[in-house]
Each structure stands twice: as structure tokens, then as C-alpha cells.
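Asks: First the structure, then my questions, so here it is.
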Amino acid sequence: MSAEQVFIDIGYKTEGVIALEAFKDSSGKPVVQVGEQFPVSIKGRNEEGYYELSKVYVARPKDWSSLEAAFAEKRAIAAWSQGW
């Protein structure tokens with residue numbers, strides 16, 4: 001962990017990074033521990049050659065049944081985008 005990034009061993013003898021902001025609680029204190037494991041997805045590479053990782057892609061729902069039900073019933077749904 002650095003002042004701005006968390007370095008994550010993704011296997012394959014390489015590391016990726018996630019902004020430290022993604023691990024801060026409501027008080028602004030980092031809540032990640034050395035050795036902690038969690039799922040991530042790869043967004044690309046940064047200018048230093050590290051893989052840029054994201055917890056957001058992984059956090060998206062994997063059960064689409066509620067979305068399918070809303071579509072079938074023609075109900076409005078709330079959504080958000082980060083500009084991807």
C-alpha cells in the first residue's frame with residue numbers, strides 16, 4: 001500500500017493497483033489489511049505498467065431476475081453510470 005494506491009498480487013507473477021480511495025470508510029480511514037483477499041476485475045494498464053483493477057465491476061449483481069421481472073412488468077428502474 002502506498003499513500004495513493006493499494007498494490008494487489010493478481011497471480012501470474014504480476015501486481016495490479018486500486019486507488020486507496022476505494023478502501024476508505026465513511027471517516028476517510030483505509031480499511032484494507034495486508035493479506036486480505038477479494039475479487040477484482042482488470043480495467044487496463046496504467047502509465048507505470050501496473051494493471052489497473054476495479055472492485056466496482058465485480059460488485060455488480062450476478063442475479064438478473066429482478067431486472068428481468070421489472071422489464072416484463074414495464075416498471076422503471078434506477079441505474080448509475082461512471083462513464084464507461
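Each chain in the C-alpha cells gets a letter, A, B, ..., in the order shown, and its residues are numbered from 1; ligands are numbered from 1 in order too.
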Find the spatial neighbours of stretch 48-51 of chain A, counting only C-alpha atoms, within a cut-off of 7 Å - ignore same-chain residues fewer than 6 positions away - and output them as a count of residues only.
Replies: 4
Asks: Extract, using only C-alpha atoms, all DNA, RNA and protein residues at most 10 Å from stretch 62-66 of chain A, discarding same-chain residues fewer than 5 positions from it, and format them as a PDB file with all heavy atoms, in the first residue's frame.
Replies:
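Result file out.pdb:
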ATOM      1  N   PHE A  71     -38.555  -5.564 -16.320  1.00  0.00           N
ATOM      2  CA  PHE A  71     -38.752  -5.419 -17.760  1.00  0.00           C
ATOM      3  C   PHE A  71     -40.098  -6.018 -18.172  1.00  0.00           C
ATOM      4  O   PHE A  71     -40.864  -5.411 -18.914  1.00  0.00           O
ATOM      5  CB  PHE A  71     -37.609  -6.102 -18.520  1.00  0.00           C
ATOM      6  CG  PHE A  71     -37.768  -6.038 -20.006  1.00  0.00           C
ATOM      7  CD1 PHE A  71     -37.475  -4.876 -20.691  1.00  0.00           C
ATOM      8  CD2 PHE A  71     -38.202  -7.144 -20.727  1.00  0.00           C
ATOM      9  CE1 PHE A  71     -37.618  -4.810 -22.071  1.00  0.00           C
ATOM     10  CE2 PHE A  71     -38.352  -7.091 -22.096  1.00  0.00           C
ATOM     11  CZ  PHE A  71     -38.057  -5.918 -22.777  1.00  0.00           C
ATOM     12  N   ALA A  72     -40.387  -7.205 -17.682  1.00  0.00           N
ATOM     13  CA  ALA A  72     -41.643  -7.883 -18.037  1.00  0.00           C
ATOM     14  C   ALA A  72     -42.861  -7.092 -17.553  1.00  0.00           C
ATOM     15  O   ALA A  72     -43.889  -7.055 -18.226  1.00  0.00           O
ATOM     16  CB  ALA A  72     -41.659  -9.297 -17.447  1.00  0.00           C
ATOM     17  N   ILE A  77     -36.677   1.464 -13.570  1.00  0.00           N
ATOM     18  CA  ILE A  77     -35.602   1.041 -12.692  1.00  0.00           C
ATOM     19  C   ILE A  77     -34.625   2.198 -12.519  1.00  0.00           C
ATOM     20  O   ILE A  77     -34.526   3.075 -13.370  1.00  0.00           O
ATOM     21  CB  ILE A  77     -34.858  -0.198 -13.230  1.00  0.00           C
ATOM     22  CG1 ILE A  77     -34.273   0.092 -14.618  1.00  0.00           C
ATOM     23  CG2 ILE A  77     -35.765  -1.404 -13.270  1.00  0.00           C
ATOM     24  CD1 ILE A  77     -33.305  -0.950 -15.088  1.00  0.00           C
TER      25      ILE A  77
END
Asks: Which residues in chain A does DSSP call helix (DSSP H, G or I)? List them as a PyMOL selection string.
Replies: chain A and resi 20-23+56-59+65-72
Asks: One decimal, Å: what's the distance from atom CA of A:Val6 over to atom CA of A:Val58, could you say?
Replies: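 Atom-to-atom, atom CA of A:Val6 and atom CA of A:Val58 are spaced 16.9 Å apart.
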Asks: Calculate how many Å separate atom CA of A:Ile8 from atom CA of A:Ala22, rounding to one decimal.
Replies: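 Interatomic distance, atom CA of A:Ile8 to atom CA of A:Ala22: 13.1 Å.
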Asks: Have a look at atom CA of A:Ser27 and atom CA of A:Ala3 and let me know their distance in Å, one decimal.
Replies: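 Atom CA of A:Ser27 sits 16.5 Å away from atom CA of A:Ala3.
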Asks: Give the answer as one residue: which of A:Phe23, A:Phe7, A:Asn46, A:Ala79 has the shortest atom-to-atom distance to A:Arg60, using only C-alpha atoms?
Replies: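 Closest to A:Arg60, using only C-alpha atoms: A:Ala79.
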Asks: From a DSSP calculation on the backbone, collect every residue of stretch 11-44 of chain A in strand (DSSP E or B) and output the set as a list in words.
Replies: Glu15, Gly16, Val17, Ile18, Ala19, Lys24, Pro30, Ser41, Ile42, Lys43 and Gly44 of chain A
Asks: Given only C-alpha atoms as the basis, pick out the residue of A:Glu36, A:Glu73, A:Glu21, A:Glu68 nearest to A:Gln5.
Replies: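 With only C-alpha atoms as the atom set, the closest residue is A:Glu21.
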Asks: A:Ile18, A:Val32, A:Lys74, A:Val40: which is nearest A:Tyr57, counting only C-alpha atoms?
Replies: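 Residue with the minimum atom-to-atom distance to A:Tyr57: A:Val40.
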Asks: Which residue, A:Glu4, A:Lys43, A:Ala76, A:Asp9, has the smallest gap to A:Val56 when you use only C-alpha atoms?
Replies: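 Nearest candidate to A:Val56 out of A:Glu4, A:Lys43, A:Ala76, A:Asp9: A:Lys43.
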